[in-house]
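Data first, discussion second: the structure below is written as structure tokens.
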Amino acid sequence: MSHWPSAKARAVLKALLRIGWQIKRQSGGSHRVLMRPGWPDFVFAFHEGEEIGPRMMARIARHTGLRPEDL
């Protein structure tokens with residue numbers, strides 16, 4: 001079982017930006033390519049009001065270094 005809570009995509013994106021990720025480019029309303037030195041680019045493909053479940057949160061964390069306390 002994951003120790004991640006569900007969270008709104010808007011809150012997750014804000015947390016990623018706070019820990020050093022930047023929006024490299026955006027296409028459409030939901031797909032954003034994020035960049036951070038020392039990490040491969042990450043595609044954040046969620047609409048702002050979407051709820052992201054614990055399993056997807058764990059996957060995002062694995063690729064971005066996000067921690068539960070960053071939310």
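Chain labels A, B, ... are given in the sequence in which chains occur in the structure tokens; within each chain residues are numbered consecutively from 1, and ligands are likewise numbered from 1 in the order shown.
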
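Those residues that approach Met56 of chain A to within 12 Å, counting only C-alpha atoms, are Ser2, His3, Trp4, Pro5, Ser6, Ala7, Lys8, Ala9, Val12, Phe44, Ala45, Phe46, Arg62 and His63 of chain A; same-chain residues fewer than 6 positions away are not listed.
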
Can you write out the residues you just picked, keeping N, CA, C and O atoms, as a short mmCIF file (atom, residue, chain, number, x, y, z; two decimals), in the first residue's frame?
data_model
loop_
_atom_site.label_atom_id
_atom_site.label_comp_id
_atom_site.auth_asym_id
_atom_site.auth_seq_id
_atom_site.Cartn_x
_atom_site.Cartn_y
_atom_site.Cartn_z
N SER A 2 0.47 2.24 -0.74
CA SER A 2 1.24 3.47 -0.88
C SER A 2 1.02 4.40 0.32
O SER A 2 -0.06 4.44 0.90
N HIS A 3 2.05 5.14 0.68
CA HIS A 3 1.91 6.11 1.76
C HIS A 3 1.55 7.49 1.20
O HIS A 3 1.58 8.47 1.92
N TRP A 4 1.24 7.54 -0.08
CA TRP A 4 0.88 8.80 -0.73
C TRP A 4 -0.61 9.05 -0.62
O TRP A 4 -1.41 8.15 -0.83
N PRO A 5 -1.01 10.28 -0.32
CA PRO A 5 -2.44 10.63 -0.36
C PRO A 5 -2.84 10.97 -1.80
O PRO A 5 -1.98 11.19 -2.66
N SER A 6 -4.12 11.00 -2.06
CA SER A 6 -4.59 11.55 -3.33
C SER A 6 -4.40 13.06 -3.28
O SER A 6 -4.40 13.65 -2.20
N ALA A 7 -4.22 13.68 -4.45
CA ALA A 7 -4.03 15.12 -4.47
C ALA A 7 -4.52 15.67 -5.80
O ALA A 7 -4.55 14.97 -6.81
N LYS A 8 -4.92 16.92 -5.79
CA LYS A 8 -5.32 17.59 -7.02
C LYS A 8 -4.07 17.87 -7.86
O LYS A 8 -3.00 18.18 -7.33
N ALA A 9 -4.22 17.77 -9.17
CA ALA A 9 -3.10 17.99 -10.08
C ALA A 9 -2.51 19.38 -9.90
O ALA A 9 -1.29 19.57 -9.98
N VAL A 12 -0.10 19.29 -7.03
CA VAL A 12 1.10 18.53 -7.35
C VAL A 12 2.03 19.36 -8.23
O VAL A 12 3.24 19.42 -8.00
N PHE A 44 4.14 16.03 -17.49
CA PHE A 44 3.04 16.13 -16.53
C PHE A 44 1.77 16.28 -17.35
O PHE A 44 1.55 17.33 -17.96
N ALA A 45 0.95 15.24 -17.41
CA ALA A 45 -0.19 15.21 -18.34
C ALA A 45 -1.53 15.15 -17.60
O ALA A 45 -2.29 14.20 -17.75
N PHE A 46 -1.81 16.16 -16.81
CA PHE A 46 -3.05 16.19 -16.04
C PHE A 46 -3.71 17.56 -16.17
O PHE A 46 -3.03 18.57 -16.20
N ARG A 62 8.67 8.88 -8.00
CA ARG A 62 9.84 8.11 -8.42
C ARG A 62 10.60 8.82 -9.55
O ARG A 62 11.81 8.78 -9.62
N HIS A 63 9.86 9.52 -10.41
CA HIS A 63 10.47 10.18 -11.56
C HIS A 63 10.91 11.62 -11.28
O HIS A 63 11.65 12.20 -12.07
#

Which residues are near Val33 of chain A? Cut-off 9 Å, only C-alpha atoms, ignore same chain within fewer than 4 positions. Put them as an mmCIF file with all heavy atoms, in the first residue's frame.
data_model
loop_
_atom_site.group_PDB
_atom_site.id
_atom_site.type_symbol
_atom_site.label_atom_id
_atom_site.label_comp_id
_atom_site.auth_asym_id
_atom_site.auth_seq_id
_atom_site.Cartn_x
_atom_site.Cartn_y
_atom_site.Cartn_z
ATOM 1 N N GLN A 22 10.812 23.236 -13.591
ATOM 2 C CA GLN A 22 10.341 24.379 -14.379
ATOM 3 C C GLN A 22 9.589 23.857 -15.584
ATOM 4 O O GLN A 22 9.895 22.774 -16.091
ATOM 5 C CB GLN A 22 11.514 25.221 -14.868
ATOM 6 C CG GLN A 22 12.336 25.824 -13.776
ATOM 7 C CD GLN A 22 13.563 26.540 -14.336
ATOM 8 O OE1 GLN A 22 14.032 26.261 -15.432
ATOM 9 N NE2 GLN A 22 14.087 27.472 -13.556
ATOM 10 N N ILE A 23 8.616 24.642 -16.053
ATOM 11 C CA ILE A 23 7.884 24.259 -17.256
ATOM 12 C C ILE A 23 8.753 24.587 -18.459
ATOM 13 O O ILE A 23 9.119 25.736 -18.678
ATOM 14 C CB ILE A 23 6.524 24.975 -17.336
ATOM 15 C CG1 ILE A 23 5.648 24.539 -16.157
ATOM 16 C CG2 ILE A 23 5.845 24.672 -18.666
ATOM 17 C CD1 ILE A 23 4.329 25.257 -16.046
ATOM 18 N N LYS A 24 9.117 23.560 -19.205
ATOM 19 C CA LYS A 24 9.948 23.715 -20.394
ATOM 20 C C LYS A 24 9.082 24.100 -21.586
ATOM 21 O O LYS A 24 9.414 24.983 -22.350
ATOM 22 C CB LYS A 24 10.677 22.397 -20.669
ATOM 23 C CG LYS A 24 11.643 22.418 -21.823
ATOM 24 C CD LYS A 24 12.365 21.070 -21.899
ATOM 25 C CE LYS A 24 13.408 21.041 -22.974
ATOM 26 N NZ LYS A 24 14.096 19.731 -23.000
ATOM 27 N N ARG A 25 7.951 23.391 -21.734
ATOM 28 C CA ARG A 25 6.986 23.737 -22.777
ATOM 29 C C ARG A 25 5.636 23.136 -22.416
ATOM 30 O O ARG A 25 5.542 22.235 -21.598
ATOM 31 C CB ARG A 25 7.454 23.283 -24.150
ATOM 32 C CG ARG A 25 7.505 21.804 -24.356
ATOM 33 C CD ARG A 25 7.963 21.465 -25.793
ATOM 34 N NE ARG A 25 8.008 20.042 -25.966
ATOM 35 C CZ ARG A 25 9.040 19.271 -25.676
ATOM 36 N NH1 ARG A 25 10.137 19.810 -25.179
ATOM 37 N NH2 ARG A 25 8.999 17.974 -25.846
ATOM 38 N N GLN A 26 4.599 23.664 -23.060
ATOM 39 C CA GLN A 26 3.242 23.207 -22.803
ATOM 40 C C GLN A 26 2.531 23.044 -24.126
ATOM 41 O O GLN A 26 2.649 23.894 -25.012
ATOM 42 C CB GLN A 26 2.507 24.216 -21.929
ATOM 43 C CG GLN A 26 1.102 23.816 -21.590
ATOM 44 C CD GLN A 26 0.471 24.732 -20.556
ATOM 45 O OE1 GLN A 26 1.151 25.532 -19.932
ATOM 46 N NE2 GLN A 26 -0.815 24.619 -20.385
ATOM 47 N N SER A 27 1.806 21.935 -24.275
ATOM 48 C CA SER A 27 1.000 21.752 -25.474
ATOM 49 C C SER A 27 -0.418 21.427 -25.043
ATOM 50 O O SER A 27 -0.642 20.529 -24.235
ATOM 51 C CB SER A 27 1.575 20.629 -26.350
ATOM 52 O OG SER A 27 1.534 19.404 -25.669
ATOM 53 N N ASP A 41 13.759 15.019 -18.408
ATOM 54 C CA ASP A 41 12.494 15.749 -18.535
ATOM 55 C C ASP A 41 11.335 14.849 -18.110
ATOM 56 O O ASP A 41 11.379 13.631 -18.278
ATOM 57 C CB ASP A 41 12.279 16.221 -19.972
ATOM 58 C CG ASP A 41 13.212 17.363 -20.348
ATOM 59 O OD1 ASP A 41 13.951 17.855 -19.481
ATOM 60 O OD2 ASP A 41 13.192 17.754 -21.527
ATOM 61 N N PHE A 42 10.299 15.471 -17.571
ATOM 62 C CA PHE A 42 9.128 14.733 -17.096
ATOM 63 C C PHE A 42 7.877 15.337 -17.722
ATOM 64 O O PHE A 42 7.691 16.552 -17.693
ATOM 65 C CB PHE A 42 9.039 14.826 -15.561
ATOM 66 C CG PHE A 42 7.839 14.138 -14.989
ATOM 67 C CD1 PHE A 42 7.746 12.758 -14.992
ATOM 68 C CD2 PHE A 42 6.795 14.872 -14.458
ATOM 69 C CE1 PHE A 42 6.626 12.122 -14.472
ATOM 70 C CE2 PHE A 42 5.677 14.256 -13.938
ATOM 71 C CZ PHE A 42 5.593 12.869 -13.942
ATOM 72 N N VAL A 43 7.030 14.501 -18.307
ATOM 73 C CA VAL A 43 5.776 14.964 -18.909
ATOM 74 C C VAL A 43 4.686 14.889 -17.839
ATOM 75 O O VAL A 43 4.365 13.813 -17.339
ATOM 76 C CB VAL A 43 5.380 14.120 -20.134
ATOM 77 C CG1 VAL A 43 4.049 14.600 -20.692
ATOM 78 C CG2 VAL A 43 6.465 14.195 -21.195
ATOM 79 N N PHE A 44 4.142 16.033 -17.494
ATOM 80 C CA PHE A 44 3.040 16.128 -16.531
ATOM 81 C C PHE A 44 1.772 16.282 -17.346
ATOM 82 O O PHE A 44 1.549 17.328 -17.957
ATOM 83 C CB PHE A 44 3.269 17.334 -15.602
ATOM 84 C CG PHE A 44 2.314 17.395 -14.441
ATOM 85 C CD1 PHE A 44 2.524 16.618 -13.321
ATOM 86 C CD2 PHE A 44 1.220 18.237 -14.474
ATOM 87 C CE1 PHE A 44 1.655 16.677 -12.249
ATOM 88 C CE2 PHE A 44 0.349 18.305 -13.408
ATOM 89 C CZ PHE A 44 0.567 17.525 -12.291
ATOM 90 N N ALA A 45 0.946 15.243 -17.407
ATOM 91 C CA ALA A 45 -0.192 15.207 -18.336
ATOM 92 C C ALA A 45 -1.526 15.152 -17.603
ATOM 93 O O ALA A 45 -2.285 14.197 -17.748
ATOM 94 C CB ALA A 45 -0.049 14.015 -19.274
#

Review point. Between atom CA of Gly28 of chain A and atom CA of Arg55 of chain A, what is the spacing in Å?
Key: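 If I compute the distance from atom CA of Arg55 of chain A to atom CA of Gly28 of chain A, I get 25.0 Å.
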
Check your understanding: What are the DSSP strand (DSSP E) residues of chain A, as a ChimeraX atom specification?
Key -> /A:7-8,22-27,31-36,39-45,51-52

For those residues, write N, CA and C atoms to a file as a CSV table (one decimal), in the first residue's frame.
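Output contents, as saved in out.csv:
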chain,number,residue,atom,x,y,z
A,7,ALA,N,-4.2,13.7,-4.4
A,7,ALA,CA,-4.0,15.1,-4.5
A,7,ALA,C,-4.5,15.7,-5.8
A,8,LYS,N,-4.9,16.9,-5.8
A,8,LYS,CA,-5.3,17.6,-7.0
A,8,LYS,C,-4.1,17.9,-7.9
A,22,GLN,N,10.8,23.2,-13.6
A,22,GLN,CA,10.3,24.4,-14.4
A,22,GLN,C,9.6,23.9,-15.6
A,23,ILE,N,8.6,24.6,-16.1
A,23,ILE,CA,7.9,24.3,-17.3
A,23,ILE,C,8.8,24.6,-18.5
A,24,LYS,N,9.1,23.6,-19.2
A,24,LYS,CA,9.9,23.7,-20.4
A,24,LYS,C,9.1,24.1,-21.6
A,25,ARG,N,8.0,23.4,-21.7
A,25,ARG,CA,7.0,23.7,-22.8
A,25,ARG,C,5.6,23.1,-22.4
A,26,GLN,N,4.6,23.7,-23.1
A,26,GLN,CA,3.2,23.2,-22.8
A,26,GLN,C,2.5,23.0,-24.1
A,27,SER,N,1.8,21.9,-24.3
A,27,SER,CA,1.0,21.8,-25.5
A,27,SER,C,-0.4,21.4,-25.0
A,31,HIS,N,-0.9,18.8,-21.1
A,31,HIS,CA,0.4,18.3,-21.2
A,31,HIS,C,1.5,19.4,-21.0
A,32,ARG,N,2.3,19.2,-20.0
A,32,ARG,CA,3.4,20.1,-19.7
A,32,ARG,C,4.7,19.3,-19.6
A,33,VAL,N,5.7,19.7,-20.3
A,33,VAL,CA,7.0,19.1,-20.1
A,33,VAL,C,7.8,19.9,-19.1
A,34,LEU,N,8.2,19.2,-18.0
A,34,LEU,CA,9.0,19.9,-17.0
A,34,LEU,C,10.4,19.5,-17.0
A,35,MET,N,11.3,20.4,-16.6
A,35,MET,CA,12.7,20.2,-16.6
A,35,MET,C,13.3,20.6,-15.3
A,36,ARG,N,14.4,19.9,-14.9
A,36,ARG,CA,15.1,20.2,-13.7
A,36,ARG,C,16.6,19.7,-13.9
A,39,TRP,N,18.0,15.8,-13.8
A,39,TRP,CA,16.9,14.9,-13.9
A,39,TRP,C,16.5,14.9,-15.4
A,40,PRO,N,16.0,13.7,-15.9
A,40,PRO,CA,15.4,13.7,-17.2
A,40,PRO,C,14.1,14.5,-17.2
A,41,ASP,N,13.8,15.0,-18.4
A,41,ASP,CA,12.5,15.7,-18.5
A,41,ASP,C,11.3,14.8,-18.1
A,42,PHE,N,10.3,15.5,-17.6
A,42,PHE,CA,9.1,14.7,-17.1
A,42,PHE,C,7.9,15.3,-17.7
A,43,VAL,N,7.0,14.5,-18.3
A,43,VAL,CA,5.8,15.0,-18.9
A,43,VAL,C,4.7,14.9,-17.8
A,44,PHE,N,4.1,16.0,-17.5
A,44,PHE,CA,3.0,16.1,-16.5
A,44,PHE,C,1.8,16.3,-17.3
A,45,ALA,N,0.9,15.2,-17.4
A,45,ALA,CA,-0.2,15.2,-18.3
A,45,ALA,C,-1.5,15.2,-17.6
A,51,GLU,N,-8.0,14.7,-9.9
A,51,GLU,CA,-7.5,14.1,-8.7
A,51,GLU,C,-6.5,13.0,-9.1
A,52,ILE,N,-5.4,13.0,-8.5
A,52,ILE,CA,-4.3,12.0,-8.8
A,52,ILE,C,-4.3,11.1,-7.6

Exercise for review: Mind listing the alpha helix (DSSP H) residues of chain A, per DSSP on the backbone, as a PyMOL selection string?
Suggested key: chain A and resi 9-18+54-64

Save out the residues we just selected, N, CA and C atoms, as a PDB file, in the first residue's frame.
ATOM      1  N   ALA A   9      -4.224  17.771  -9.169  1.00  0.00           N
ATOM      2  CA  ALA A   9      -3.098  17.991 -10.084  1.00  0.00           C
ATOM      3  C   ALA A   9      -2.513  19.382  -9.899  1.00  0.00           C
ATOM      4  N   ARG A  10      -3.342  20.368  -9.625  1.00  0.00           N
ATOM      5  CA  ARG A  10      -2.870  21.744  -9.421  1.00  0.00           C
ATOM      6  C   ARG A  10      -1.880  21.804  -8.256  1.00  0.00           C
ATOM      7  N   ALA A  11      -2.203  21.110  -7.157  1.00  0.00           N
ATOM      8  CA  ALA A  11      -1.331  21.112  -5.978  1.00  0.00           C
ATOM      9  C   ALA A  11      -0.029  20.368  -6.261  1.00  0.00           C
ATOM     10  N   VAL A  12      -0.105  19.290  -7.029  1.00  0.00           N
ATOM     11  CA  VAL A  12       1.098  18.527  -7.354  1.00  0.00           C
ATOM     12  C   VAL A  12       2.025  19.357  -8.232  1.00  0.00           C
ATOM     13  N   LEU A  13       1.458  20.036  -9.233  1.00  0.00           N
ATOM     14  CA  LEU A  13       2.276  20.876 -10.110  1.00  0.00           C
ATOM     15  C   LEU A  13       2.939  22.003  -9.310  1.00  0.00           C
ATOM     16  N   LYS A  14       2.198  22.634  -8.399  1.00  0.00           N
ATOM     17  CA  LYS A  14       2.777  23.696  -7.568  1.00  0.00           C
ATOM     18  C   LYS A  14       3.915  23.158  -6.714  1.00  0.00           C
ATOM     19  N   ALA A  15       3.753  21.951  -6.177  1.00  0.00           N
ATOM     20  CA  ALA A  15       4.803  21.351  -5.356  1.00  0.00           C
ATOM     21  C   ALA A  15       6.036  21.055  -6.199  1.00  0.00           C
ATOM     22  N   LEU A  16       5.850  20.563  -7.418  1.00  0.00           N
ATOM     23  CA  LEU A  16       6.985  20.288  -8.301  1.00  0.00           C
ATOM     24  C   LEU A  16       7.742  21.573  -8.629  1.00  0.00           C
ATOM     25  N   LEU A  17       7.006  22.643  -8.887  1.00  0.00           N
ATOM     26  CA  LEU A  17       7.646  23.925  -9.191  1.00  0.00           C
ATOM     27  C   LEU A  17       8.412  24.440  -7.965  1.00  0.00           C
ATOM     28  N   ARG A  18       7.874  24.211  -6.768  1.00  0.00           N
ATOM     29  CA  ARG A  18       8.541  24.641  -5.535  1.00  0.00           C
ATOM     30  C   ARG A  18       9.856  23.899  -5.300  1.00  0.00           C
ATOM     31  N   PRO A  54      -3.131   7.633  -5.237  1.00  0.00           N
ATOM     32  CA  PRO A  54      -1.884   7.268  -4.564  1.00  0.00           C
ATOM     33  C   PRO A  54      -0.882   6.519  -5.451  1.00  0.00           C
ATOM     34  N   ARG A  55      -1.346   5.611  -6.288  1.00  0.00           N
ATOM     35  CA  ARG A  55      -0.405   4.854  -7.132  1.00  0.00           C
ATOM     36  C   ARG A  55       0.276   5.763  -8.145  1.00  0.00           C
ATOM     37  N   MET A  56      -0.478   6.673  -8.748  1.00  0.00           N
ATOM     38  CA  MET A  56       0.112   7.605  -9.711  1.00  0.00           C
ATOM     39  C   MET A  56       1.013   8.602  -8.992  1.00  0.00           C
ATOM     40  N   MET A  57       0.646   8.999  -7.786  1.00  0.00           N
ATOM     41  CA  MET A  57       1.506   9.897  -7.005  1.00  0.00           C
ATOM     42  C   MET A  57       2.857   9.237  -6.733  1.00  0.00           C
ATOM     43  N   ALA A  58       2.845   7.953  -6.404  1.00  0.00           N
ATOM     44  CA  ALA A  58       4.096   7.231  -6.157  1.00  0.00           C
ATOM     45  C   ALA A  58       4.935   7.175  -7.429  1.00  0.00           C
ATOM     46  N   ARG A  59       4.291   6.996  -8.560  1.00  0.00           N
ATOM     47  CA  ARG A  59       5.011   6.959  -9.835  1.00  0.00           C
ATOM     48  C   ARG A  59       5.622   8.321 -10.163  1.00  0.00           C
ATOM     49  N   ILE A  60       4.862   9.385  -9.951  1.00  0.00           N
ATOM     50  CA  ILE A  60       5.363  10.746 -10.178  1.00  0.00           C
ATOM     51  C   ILE A  60       6.570  10.999  -9.268  1.00  0.00           C
ATOM     52  N   ALA A  61       6.462  10.591  -8.010  1.00  0.00           N
ATOM     53  CA  ALA A  61       7.544  10.797  -7.044  1.00  0.00           C
ATOM     54  C   ALA A  61       8.821  10.092  -7.477  1.00  0.00           C
ATOM     55  N   ARG A  62       8.672   8.880  -7.997  1.00  0.00           N
ATOM     56  CA  ARG A  62       9.842   8.109  -8.421  1.00  0.00           C
ATOM     57  C   ARG A  62      10.598   8.818  -9.546  1.00  0.00           C
ATOM     58  N   HIS A  63       9.860   9.518 -10.411  1.00  0.00           N
ATOM     59  CA  HIS A  63      10.473  10.183 -11.564  1.00  0.00           C
ATOM     60  C   HIS A  63      10.906  11.624 -11.282  1.00  0.00           C
ATOM     61  N   THR A  64      10.427  12.211 -10.187  1.00  0.00           N
ATOM     62  CA  THR A  64      10.691  13.639  -9.961  1.00  0.00           C
ATOM     63  C   THR A  64      11.369  13.957  -8.629  1.00  0.00           C
TER      64      THR A  64
END
